[in-house]
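Structure file run-v8.cif with mmCIF, C-alpha atoms:
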```
data_run
loop_
_atom_site.label_atom_id
_atom_site.label_comp_id
_atom_site.auth_asym_id
_atom_site.auth_seq_id
_atom_site.Cartn_x
_atom_site.Cartn_y
_atom_site.Cartn_z
CA MET M 26 122.81 36.67 94.72
CA CYS M 27 119.97 38.06 96.82
CA TYR M 28 117.79 41.12 96.69
CA TYR M 29 117.41 43.66 99.46
CA ASN M 30 114.79 46.33 98.90
CA GLY M 31 114.77 45.31 95.22
CA VAL M 32 118.51 45.88 94.81
CA LYS M 33 120.76 42.95 93.91
CA VAL M 34 123.31 42.40 96.68
CA THR M 35 125.75 39.68 97.61
CA ARG M 36 124.74 37.07 100.15
CA THR M 37 127.19 38.54 102.61
CA GLU M 38 125.67 41.99 102.28
CA PHE M 39 122.16 40.53 102.50
CA ILE M 40 123.00 38.78 105.75
CA ARG M 41 124.61 41.94 107.13
CA LEU M 42 121.49 43.97 106.38
CA LYS M 43 119.19 41.35 107.87
CA GLN M 44 121.33 41.27 111.01
CA LEU M 45 121.14 45.04 111.12
CA GLU M 46 117.34 44.77 111.06
CA LYS M 47 117.49 42.58 114.14
CA LEU M 48 119.85 44.96 115.88
CA ILE M 49 117.52 47.84 115.18
CA ALA M 50 114.59 45.91 116.55
CA ASN M 51 116.47 45.72 119.84
CA TYR M 52 117.68 49.26 119.66
CA ASP M 53 116.10 52.42 120.96
CA PHE M 54 112.55 51.27 121.55
CA LEU M 55 113.13 47.81 122.97
CA SER M 56 116.11 48.80 125.05
CA LYS M 57 113.81 50.98 127.12
CA PRO M 58 112.62 48.67 129.87
CA LEU M 59 109.90 50.91 131.17
CA GLN M 60 107.10 52.72 129.45
CA ILE M 61 104.89 54.76 131.73
CA GLY M 62 101.61 55.34 130.00
CA PHE M 63 100.67 58.51 131.78
CA GLU M 64 103.64 60.29 130.25
CA TYR M 65 102.11 59.66 126.80
CA LYS M 66 105.50 58.91 125.32
CA PRO M 67 106.36 57.26 121.99
CA HIS M 68 106.45 53.49 121.91
CA ALA M 69 107.50 50.86 119.36
CA VAL M 70 104.58 49.54 117.36
CA LEU M 71 104.34 47.10 114.44
CA LYS M 72 102.14 48.64 111.78
CA ARG M 73 100.99 46.84 108.66
CA ILE M 74 102.20 48.15 105.32
CA PRO M 75 98.93 48.63 103.40
CA ASN M 76 97.93 45.75 101.12
CA LYS M 77 101.00 43.70 102.01
CA GLU M 78 101.75 40.93 104.43
CA ASP M 79 104.59 43.02 105.74
CA PHE M 80 105.02 45.51 108.55
CA GLU M 81 107.23 48.33 109.69
CA ILE M 82 108.30 49.19 113.20
CA VAL M 83 107.31 52.74 113.95
CA GLU M 84 107.08 54.98 116.96
CA MET M 85 103.58 55.93 118.01
CA GLU M 86 102.29 58.02 120.87
CA TRP M 87 100.70 55.90 123.58
CA GLY M 88 97.26 57.31 124.27
CA PHE M 89 94.66 57.10 121.51
CA ILE M 90 93.50 60.53 120.36
CA PRO M 91 90.00 60.28 118.87
CA SER M 92 89.25 62.12 115.63
CA TYR M 93 86.80 64.50 117.33
CA ILE M 94 89.73 66.03 119.24
CA LYS M 95 90.97 68.84 117.02
CA THR M 96 93.98 70.40 118.76
CA ARG M 97 96.81 69.36 121.08
CA ASP M 98 95.32 71.61 123.74
CA GLU M 99 92.05 69.66 123.54
CA ALA M 100 94.00 66.39 123.70
CA THR M 101 95.79 67.52 126.84
CA LYS M 102 92.49 68.52 128.44
CA MET M 103 91.04 65.13 127.55
CA ARG M 104 94.00 63.29 129.05
CA PHE M 105 94.39 65.22 132.28
CA GLY M 106 90.96 66.75 132.89
CA TYR M 107 90.27 70.47 133.11
CA LYS M 108 88.09 73.16 134.64
CA ASP M 109 85.96 75.10 132.15
CA ASP M 110 85.14 78.85 132.21
CA ASN M 111 82.21 78.17 134.54
CA GLY M 112 84.44 76.41 137.04
CA ILE M 113 83.05 72.97 136.21
CA PHE M 114 85.65 70.22 136.29
CA HIS M 115 85.69 67.77 133.40
CA PRO M 116 87.48 64.56 134.42
CA MET M 117 90.17 62.95 132.32
CA ILE M 118 89.28 60.41 129.65
CA LEU M 119 91.86 57.63 129.63
CA THR M 120 92.59 56.14 126.23
CA LEU M 121 95.79 54.27 127.04
CA ASN M 122 93.86 51.02 127.07
CA ALA M 123 90.91 49.78 125.07
CA VAL M 124 88.61 47.25 126.73
CA SER M 125 88.36 44.28 124.36
CA GLU M 126 84.74 43.51 125.21
CA GLU M 127 83.71 47.05 124.17
CA LEU M 128 85.92 47.68 121.15
CA LEU M 129 83.20 47.17 118.57
CA PHE M 130 80.32 48.77 120.42
CA PRO M 131 78.42 51.15 118.12
CA ARG M 132 79.69 54.74 118.37
CA LYS M 133 82.64 53.66 120.52
CA ILE M 134 85.73 55.73 119.69
CA PHE M 135 87.76 52.57 119.12
CA ARG M 136 85.38 50.84 116.68
CA GLU M 137 86.70 52.18 113.39
CA ALA M 138 90.34 51.64 114.37
CA THR M 139 89.55 48.12 115.54
CA LEU M 140 88.05 47.27 112.17
CA ASN M 141 90.70 48.99 110.06
CA ARG M 142 93.87 49.80 112.00
CA ARG M 143 95.03 47.01 114.22
CA CYS M 144 98.66 46.93 115.29
CA LEU M 145 101.02 45.07 117.60
CA VAL M 146 102.69 46.76 120.53
CA LEU M 147 106.17 45.47 121.28
CA SER M 148 106.94 44.81 124.89
CA THR M 149 109.69 43.25 126.94
CA GLY M 150 107.50 43.18 130.05
CA PHE M 151 105.03 45.29 131.94
CA PHE M 152 104.29 46.53 135.44
CA GLU M 153 101.23 46.12 137.56
CA TRP M 154 100.25 46.84 141.16
CA ARG M 155 98.91 44.29 143.62
CA HIS M 156 96.69 45.63 146.40
CA VAL M 157 97.01 43.91 149.76
CA PHE M 158 94.70 44.81 152.62
CA PRO M 159 96.45 44.19 155.97
CA LEU M 160 94.39 42.82 158.82
CA ASN M 161 93.49 45.03 161.73
CA LYS M 162 95.43 43.64 164.72
CA LYS M 163 92.48 44.18 167.08
CA THR M 164 89.52 43.13 164.97
CA GLY M 165 91.21 40.76 162.56
CA LYS M 166 89.32 42.39 159.71
CA PRO M 167 90.99 43.83 156.60
CA LEU M 168 91.86 47.52 156.77
CA LYS M 169 90.21 49.84 154.28
CA THR M 170 93.47 51.16 152.87
CA ALA M 171 95.53 48.79 150.75
CA ILE M 172 99.29 48.54 150.62
CA LYS M 173 100.37 48.45 146.99
CA TYR M 174 103.20 46.25 145.71
CA PRO M 175 104.54 46.58 142.18
CA TYR M 176 105.19 43.53 140.02
CA TYR M 177 107.11 43.07 136.81
CA ILE M 178 105.55 40.57 134.41
CA LYS M 179 107.26 39.02 131.41
CA LEU M 180 107.01 35.88 129.33
CA LYS M 181 109.11 32.79 129.91
CA ASN M 182 111.93 32.34 127.39
CA ARG M 183 110.84 35.36 125.36
CA GLU M 184 112.87 38.55 125.12
CA TYR M 185 109.89 40.44 123.79
CA PHE M 186 106.30 39.79 122.85
CA PHE M 187 103.28 41.36 121.19
CA MET M 188 100.26 43.03 122.70
CA ALA M 189 97.18 43.67 120.60
CA GLY M 190 96.78 47.35 119.79
CA ILE M 191 94.74 49.71 117.67
CA TRP M 192 96.02 52.94 116.21
CA GLN M 193 94.75 56.26 114.98
CA PRO M 194 96.38 58.89 112.78
CA TRP M 195 95.75 62.34 114.19
CA THR M 196 96.45 65.88 113.03
CA ASP M 197 96.27 69.07 115.08
CA ILE M 198 94.21 71.36 112.84
CA SER M 199 95.78 74.51 114.28
CA THR M 200 99.47 73.56 113.95
CA GLY M 201 99.48 70.74 111.40
CA GLU M 202 101.27 68.46 113.86
CA HIS M 203 100.68 64.88 112.79
CA VAL M 204 101.12 61.85 115.03
CA GLU M 205 100.00 58.28 115.15
CA THR M 206 98.55 57.28 118.49
CA PHE M 207 97.56 53.91 119.88
CA ALA M 208 95.81 52.09 122.68
CA ILE M 209 96.65 48.68 124.12
CA VAL M 210 93.79 46.21 124.09
CA THR M 211 93.01 44.66 127.46
CA THR M 212 91.23 41.48 128.41
CA LYS M 213 90.03 39.71 131.55
CA ALA M 214 92.99 38.76 133.74
CA ASN M 215 94.11 35.14 133.71
CA ALA M 216 94.47 33.25 136.98
CA LEU M 217 97.93 34.66 137.70
CA MET M 218 97.22 38.26 136.69
CA GLU M 219 93.97 38.15 138.66
CA GLN M 220 96.07 37.88 141.81
CA ILE M 221 98.45 40.66 140.84
CA HIS M 222 96.20 43.24 139.25
CA ASN M 223 93.60 42.38 141.85
CA SER M 224 91.96 45.80 141.86
CA LYS M 225 90.73 45.66 138.26
CA LYS M 226 91.43 42.07 137.26
CA ARG M 227 92.47 43.04 133.74
CA MET M 228 95.61 42.47 131.69
CA PRO M 229 96.92 43.40 128.26
CA THR M 230 95.87 41.10 125.43
CA ILE M 231 99.17 39.33 124.81
CA LEU M 232 99.18 37.36 121.57
CA ASN M 233 101.18 34.33 120.55
CA GLU M 234 102.82 34.53 117.14
CA ASP M 235 99.93 32.96 115.22
CA LEU M 236 97.36 35.25 116.75
CA ALA M 237 99.65 38.26 116.33
CA TRP M 238 99.92 37.49 112.63
CA GLU M 239 96.15 37.13 112.36
CA TRP M 240 95.51 40.35 114.29
CA LEU M 241 97.83 42.31 112.01
CA PHE M 242 97.18 40.75 108.61
CA GLY M 243 93.94 38.77 108.84
CA ASP M 244 90.78 39.74 106.98
CA LEU M 245 88.70 39.32 110.11
CA ASP M 246 85.01 39.60 110.82
CA GLU M 247 83.80 41.21 114.03
CA LYS M 248 83.35 37.88 115.79
CA ARG M 249 86.96 36.85 115.16
CA ILE M 250 88.28 40.29 116.12
CA SER M 251 86.49 39.99 119.45
CA GLU M 252 87.76 36.46 119.99
CA ILE M 253 91.38 37.49 119.48
CA ALA M 254 90.99 40.73 121.44
CA GLN M 255 89.64 38.80 124.43
CA TRP M 256 92.18 36.00 124.26
CA GLN M 257 93.98 35.28 127.53
CA PHE M 258 97.64 34.47 127.46
CA PRO M 259 98.23 31.40 129.68
CA SER M 260 99.44 31.97 133.22
CA ASN M 261 101.96 29.14 133.08
CA GLU M 262 103.90 30.89 130.30
CA MET M 263 104.35 34.04 132.37
CA GLU M 264 107.03 34.96 134.91
CA VAL M 265 106.53 37.54 137.61
CA CYS M 266 108.56 39.16 140.36
CA THR M 267 108.07 41.98 142.81
CA ILE M 268 110.11 45.12 142.20
CA ALA M 269 111.02 48.20 144.22
CA LYS M 270 108.25 50.72 144.83
CA ASP M 271 110.37 53.49 143.39
CA PHE M 272 110.94 51.49 140.19
CA ARG M 273 109.95 54.41 137.99
CA GLU M 274 113.08 56.27 139.05
CA ALA M 275 115.32 53.18 139.14
CA LEU M 276 118.09 52.58 136.66
CA GLU M 277 116.92 48.97 136.32
CA PRO M 278 113.18 49.16 136.99
CA ALA M 279 112.62 45.43 136.50
CA GLU M 280 115.21 44.41 139.11
CA PRO M 281 113.58 41.92 141.53
CA TYR M 282 112.93 43.21 145.04
CA ILE M 283 111.69 41.03 147.91
CA TYR M 284 109.02 42.20 150.36
CA GLU M 285 109.23 40.09 153.51
CA ASP M 286 105.68 40.93 154.59
CA LEU M 287 104.01 40.17 151.27
CA PRO M 288 101.84 37.05 151.07
CA ALA M 289 102.98 34.73 148.27
CA LEU M 290 101.02 34.33 145.07
CA GLU M 291 99.25 31.10 144.29
CA LEU M 292 101.45 29.95 141.44
CA ALA M 293 99.72 26.64 140.72
CA VAL M 294 97.34 28.31 138.30
CA MET F 28 127.66 65.40 113.25
CA ASP F 29 125.16 63.48 115.31
CA ARG F 30 122.16 65.47 114.24
CA PHE F 31 121.41 67.75 111.36
CA ASP F 32 118.48 68.93 109.28
CA ILE F 33 117.72 68.44 105.62
CA ASN F 34 115.16 70.10 103.42
CA TYR F 35 112.99 67.43 101.83
CA LYS F 36 110.29 68.69 99.50
CA GLY F 37 109.99 71.94 101.44
CA GLN F 38 109.91 70.27 104.85
CA LEU F 39 112.73 70.40 107.36
CA LEU F 40 113.51 66.87 108.52
CA ASN F 41 115.81 66.05 111.40
CA VAL F 42 118.44 63.38 110.76
CA GLN F 43 120.03 61.54 113.65
CA VAL F 44 123.20 59.54 113.05
CA VAL F 45 123.46 56.45 115.23
CA ASP F 46 126.14 53.79 115.37
CA ILE F 47 124.89 50.35 116.32
CA ASN F 48 127.54 47.70 116.79
CA GLY F 49 129.83 49.64 114.50
CA GLN F 50 127.23 50.03 111.77
CA ARG F 51 125.88 53.43 110.88
CA ILE F 52 122.15 54.06 110.88
CA TYR F 53 120.43 57.28 109.87
CA ARG F 54 117.18 57.96 111.65
CA ILE F 55 114.94 60.47 109.93
CA GLN F 56 111.90 61.76 111.73
CA LEU F 57 109.15 61.98 109.12
CA PRO F 58 106.30 64.39 109.76
CA SER F 59 103.51 62.16 108.52
CA SER F 60 104.54 58.81 109.96
CA GLY F 61 107.08 57.16 112.23
CA PRO F 62 110.84 57.46 111.77
CA LEU F 63 112.61 56.17 108.69
CA LEU F 64 115.73 54.13 109.43
CA MET F 65 118.25 53.82 106.62
CA THR F 66 121.83 52.88 105.94
CA ARG F 67 124.42 52.66 103.16
CA ALA F 68 124.84 49.24 101.59
CA LYS F 69 126.86 47.84 98.71
CA ASN F 70 125.14 46.35 95.66
CA ALA F 71 126.33 43.28 93.74
CA ASP F 72 128.60 45.48 91.61
CA GLY F 73 130.27 46.95 94.66
CA VAL F 74 128.53 50.31 94.33
CA TYR F 75 127.12 51.93 97.46
CA PHE F 76 123.40 52.71 97.65
CA TRP F 77 120.98 53.98 100.27
CA THR F 78 118.44 51.54 101.65
CA SER F 79 115.77 51.54 104.32
CA VAL F 80 116.10 49.08 107.17
CA PRO F 81 113.92 47.10 107.35
CA GLU F 82 112.96 46.84 103.69
CA GLY F 83 109.97 48.63 102.26
CA LYS F 84 110.92 52.25 101.73
CA GLN F 85 113.62 52.04 99.11
CA LYS F 86 112.49 54.98 96.98
CA LEU F 87 112.23 57.27 100.00
CA ALA F 88 115.62 56.07 101.27
CA GLU F 89 117.22 56.89 97.92
CA GLU F 90 115.61 60.34 97.80
CA ILE F 91 116.59 61.27 101.32
CA GLY F 92 119.99 59.61 100.97
CA SER F 93 120.77 61.82 98.00
CA LEU F 94 120.17 64.84 100.23
CA ILE F 95 122.29 63.51 103.08
CA GLU F 96 125.23 62.44 100.94
CA PRO F 97 126.51 65.92 99.99
CA LEU F 98 126.39 66.94 103.65
CA LEU F 99 128.45 63.92 104.65
CA LYS F 100 130.98 64.54 101.88
CA SER F 101 131.41 68.15 102.94
CA GLN F 102 132.47 67.05 106.43
#
```
When written as structure tokens, how does the structure in this file appear?
Amino acid sequence: MCYYNGVKVTRTEFIRLKQLEKLIANYDFLSKPLQIGFEYKPHAVLKRIPNKEDFEIVEMEWGFIPSYIKTRDEATKMRFGYKDDNGIFHPMILTLNAVSEELLFPRKIFREATLNRRCLVLSTGFFEWRHVFPLNKKTGKPLKTAIKYPYYIKLKNREYFFMAGIWQPWTDISTGEHVETFAIVTTKANALMEQIHNSKKRMPTILNEDLAWEWLFGDLDEKRISEIAQWQFPSNEMEVCTIAKDFREALEPAEPYIYEDLPALELAV
Amino acid sequence: MDRFDINYKGQLLNVQVVDINGQRIYRIQLPSSGPLLMTRAKNADGVYFWTSVPEGKQKLAEEIGSLIEPLLKSQ
């Protein structure tokens, strides 16, 4: 006999329920191949169950809402920018990503969450744009306007993987709406990602299983948190391909698409 | 009956019924956290009970399951 959720069940039933867990993990959240951050949609996140070495998979809203934001209207203004009554434009504040090197800076909006609410963001792959500056046919010098090519990046032999995240519970004080929001931690791009995301040279902090466990469950000091947050997943364990420029509207956004005019990446990295 | 609402402790919760590979999952959107996923399972004595999947929210699954069950039986 085995126990599931504290209830005695047969081995057969136990196995069925465990298989169902795996099915669920692939269902709904993970079956969505594309998450576009700017739509601030829900995403699958592994959140620690307090005081246990156990987690639950929950949906959180991508786009960290700091505690000083009091209403959904304020959150929308923060995310998209707005013009105040005096006609002054306040630019958007992007909280989709959290820069690992700055997470623990004093008074940084991410500090408290980094110390107390770390999570893992499930991903099957992600998208990034490579900027290529064509050469002027007359002068031979690069043009000022880049042509952008989208890439799909995933891990070799892994259906899904973990990105380091931090999360924040948030309540709209005017409506009572309660959501959990998160940001993906980013680090300096590795040699491969440096060529793809060549405008910013950043990438998500992808964690191997040991580091993912430590990030979620470890009793970590600030030094160790920073070390993990800034960890670079190795280039040679990643796979990349170019995809169609209209991938956001495509049925299969990660479908490879070849650009004849695109210079190849240096893959010996 | 793919979706319906239940009243749980004064709050209206939406229940979504999903079949995954022939197995029925109930997805309940909780107001204060992420969704609760639960199903009906059989204990060692052959009696059905409600359980969260994955494990960890058994008490909540039983409470909410007891609200869903009459609705399912009235179908």
* Would you mind listing what lies within 6 Å of region 86-100 of chain F as a count of residues only, with only C-alpha atoms counted and same-chain residues fewer than 4 positions away left out? => 3
Residues of chain F no more than 10 Å from chain M, counting all atoms listed in the file: send them over as a PDB file with C-alpha atoms, in the coordinates of the input.
```pdb
ATOM      1  CA  ILE F  47     124.890  50.350 116.320  1.00  0.00           C
ATOM      2  CA  ASN F  48     127.540  47.700 116.790  1.00  0.00           C
ATOM      3  CA  GLN F  50     127.230  50.030 111.770  1.00  0.00           C
ATOM      4  CA  ARG F  51     125.880  53.430 110.880  1.00  0.00           C
ATOM      5  CA  ILE F  52     122.150  54.060 110.880  1.00  0.00           C
ATOM      6  CA  GLN F  56     111.900  61.760 111.730  1.00  0.00           C
ATOM      7  CA  LEU F  57     109.150  61.980 109.120  1.00  0.00           C
ATOM      8  CA  PRO F  58     106.300  64.390 109.760  1.00  0.00           C
ATOM      9  CA  SER F  59     103.510  62.160 108.520  1.00  0.00           C
ATOM     10  CA  SER F  60     104.540  58.810 109.960  1.00  0.00           C
ATOM     11  CA  GLY F  61     107.080  57.160 112.230  1.00  0.00           C
ATOM     12  CA  PRO F  62     110.840  57.460 111.770  1.00  0.00           C
ATOM     13  CA  LEU F  63     112.610  56.170 108.690  1.00  0.00           C
ATOM     14  CA  LEU F  64     115.730  54.130 109.430  1.00  0.00           C
ATOM     15  CA  THR F  66     121.830  52.880 105.940  1.00  0.00           C
ATOM     16  CA  ARG F  67     124.420  52.660 103.160  1.00  0.00           C
ATOM     17  CA  ALA F  68     124.840  49.240 101.590  1.00  0.00           C
ATOM     18  CA  LYS F  69     126.860  47.840  98.710  1.00  0.00           C
ATOM     19  CA  ASN F  70     125.140  46.350  95.660  1.00  0.00           C
ATOM     20  CA  ALA F  71     126.330  43.280  93.740  1.00  0.00           C
ATOM     21  CA  ASP F  72     128.600  45.480  91.610  1.00  0.00           C
ATOM     22  CA  GLY F  73     130.270  46.950  94.660  1.00  0.00           C
ATOM     23  CA  VAL F  74     128.530  50.310  94.330  1.00  0.00           C
ATOM     24  CA  PHE F  76     123.400  52.710  97.650  1.00  0.00           C
ATOM     25  CA  TRP F  77     120.980  53.980 100.270  1.00  0.00           C
ATOM     26  CA  THR F  78     118.440  51.540 101.650  1.00  0.00           C
ATOM     27  CA  SER F  79     115.770  51.540 104.320  1.00  0.00           C
ATOM     28  CA  VAL F  80     116.100  49.080 107.170  1.00  0.00           C
ATOM     29  CA  PRO F  81     113.920  47.100 107.350  1.00  0.00           C
ATOM     30  CA  GLU F  82     112.960  46.840 103.690  1.00  0.00           C
ATOM     31  CA  GLY F  83     109.970  48.630 102.260  1.00  0.00           C
ATOM     32  CA  LYS F  84     110.920  52.250 101.730  1.00  0.00           C
ATOM     33  CA  GLN F  85     113.620  52.040  99.110  1.00  0.00           C
ATOM     34  CA  LYS F  86     112.490  54.980  96.980  1.00  0.00           C
TER      35      LYS F  86
END
```
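If you count all atoms listed in the file and ignore residues fewer than 4 places along the chain from Val210 (chain M), what sits within 7 Å of it is Asn122, Ala123, Val124, Ser125, Ala189, Gly190, Pro229, Thr230 and Ala254 of chain M.
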* Name every residue that the PyMOL selection byres ((chain M and resi 180) around 7) selects in this structure, writing the answer as JSON, numbers by chain with chains first and numbers rising. => {"M": [179, 181, 182, 183, 262, 263, 264]}
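As for CA of Gln43 (chain F) and CA of Ser101 (chain F), they are spaced 17.0 Å apart.
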* To do: Find the spatial neighbours of region 141-155 of chain M, counting all atoms listed in the file, within a cut-off of 8 Å - ignore same-chain residues fewer than 4 positions away - and output them as JSON, numbers by chain.
  => {"M": [55, 58, 59, 68, 69, 70, 71, 72, 73, 137, 173, 174, 175, 176, 177, 178, 179, 180, 184, 185, 186, 187, 188, 189, 190, 191, 192, 193, 209, 220, 221, 222, 223, 224, 237, 240, 241]}
Could you save the residues just selected, with C-alpha atoms, as a PDB file, keeping the file's coordinate frame?
```pdb
ATOM      1  CA  LEU M  55     113.130  47.810 122.970  1.00  0.00           C
ATOM      2  CA  PRO M  58     112.620  48.670 129.870  1.00  0.00           C
ATOM      3  CA  LEU M  59     109.900  50.910 131.170  1.00  0.00           C
ATOM      4  CA  HIS M  68     106.450  53.490 121.910  1.00  0.00           C
ATOM      5  CA  ALA M  69     107.500  50.860 119.360  1.00  0.00           C
ATOM      6  CA  VAL M  70     104.580  49.540 117.360  1.00  0.00           C
ATOM      7  CA  LEU M  71     104.340  47.100 114.440  1.00  0.00           C
ATOM      8  CA  LYS M  72     102.140  48.640 111.780  1.00  0.00           C
ATOM      9  CA  ARG M  73     100.990  46.840 108.660  1.00  0.00           C
ATOM     10  CA  GLU M 137      86.700  52.180 113.390  1.00  0.00           C
ATOM     11  CA  LYS M 173     100.370  48.450 146.990  1.00  0.00           C
ATOM     12  CA  TYR M 174     103.200  46.250 145.710  1.00  0.00           C
ATOM     13  CA  PRO M 175     104.540  46.580 142.180  1.00  0.00           C
ATOM     14  CA  TYR M 176     105.190  43.530 140.020  1.00  0.00           C
ATOM     15  CA  TYR M 177     107.110  43.070 136.810  1.00  0.00           C
ATOM     16  CA  ILE M 178     105.550  40.570 134.410  1.00  0.00           C
ATOM     17  CA  LYS M 179     107.260  39.020 131.410  1.00  0.00           C
ATOM     18  CA  LEU M 180     107.010  35.880 129.330  1.00  0.00           C
ATOM     19  CA  GLU M 184     112.870  38.550 125.120  1.00  0.00           C
ATOM     20  CA  TYR M 185     109.890  40.440 123.790  1.00  0.00           C
ATOM     21  CA  PHE M 186     106.300  39.790 122.850  1.00  0.00           C
ATOM     22  CA  PHE M 187     103.280  41.360 121.190  1.00  0.00           C
ATOM     23  CA  MET M 188     100.260  43.030 122.700  1.00  0.00           C
ATOM     24  CA  ALA M 189      97.180  43.670 120.600  1.00  0.00           C
ATOM     25  CA  GLY M 190      96.780  47.350 119.790  1.00  0.00           C
ATOM     26  CA  ILE M 191      94.740  49.710 117.670  1.00  0.00           C
ATOM     27  CA  TRP M 192      96.020  52.940 116.210  1.00  0.00           C
ATOM     28  CA  GLN M 193      94.750  56.260 114.980  1.00  0.00           C
ATOM     29  CA  ILE M 209      96.650  48.680 124.120  1.00  0.00           C
ATOM     30  CA  GLN M 220      96.070  37.880 141.810  1.00  0.00           C
ATOM     31  CA  ILE M 221      98.450  40.660 140.840  1.00  0.00           C
ATOM     32  CA  HIS M 222      96.200  43.240 139.250  1.00  0.00           C
ATOM     33  CA  ASN M 223      93.600  42.380 141.850  1.00  0.00           C
ATOM     34  CA  SER M 224      91.960  45.800 141.860  1.00  0.00           C
ATOM     35  CA  ALA M 237      99.650  38.260 116.330  1.00  0.00           C
ATOM     36  CA  TRP M 240      95.510  40.350 114.290  1.00  0.00           C
ATOM     37  CA  LEU M 241      97.830  42.310 112.010  1.00  0.00           C
TER      38      LEU M 241
END
```
* Asked: Which value, in Å to one decimal, gives the distance between CA of Leu40 (chain F) and CA of Tyr53 (chain F)?
  -> 11.9 Å
* Asked: Counting only C-alpha atoms, what is within 9 Å of Arg30 (chain F), bar same-chain residues fewer than 4 positions away, as a PyMOL selection string?
  -> chain F and resi 41-44
Keeping only C-alpha atoms, write the selected residues to a file as a compact mmCIF listing (two decimals), in the coordinates of the input.
```txt
# COMPACT_ATOMS: atom_id res chain seq x y z
CA ASN F 41 115.81 66.05 111.40
CA VAL F 42 118.44 63.38 110.76
CA GLN F 43 120.03 61.54 113.65
CA VAL F 44 123.20 59.54 113.05
```
* To do: Could you give me, as an MDAnalysis selection string, the residues within 12 Å of Pro288 (chain M), counting all atoms listed in the file and dropping anything in the same chain fewer than 3 positions from it?
  => chainID M and resid 155:159 172 174 220:221 267 283:285 291:292
* Atomic separation - CA of Ile94 (chain M) relative to CA of Gly106 (chain M), Å -> 13.7 Å
* Asked: So which residues get picked by the PyMOL selection byres ((chain M and resi 255) around 8) here, written as an NGL selection string?
  -> :M and (125-126 or 211-213 or 230 or 251-254 or 256-257)
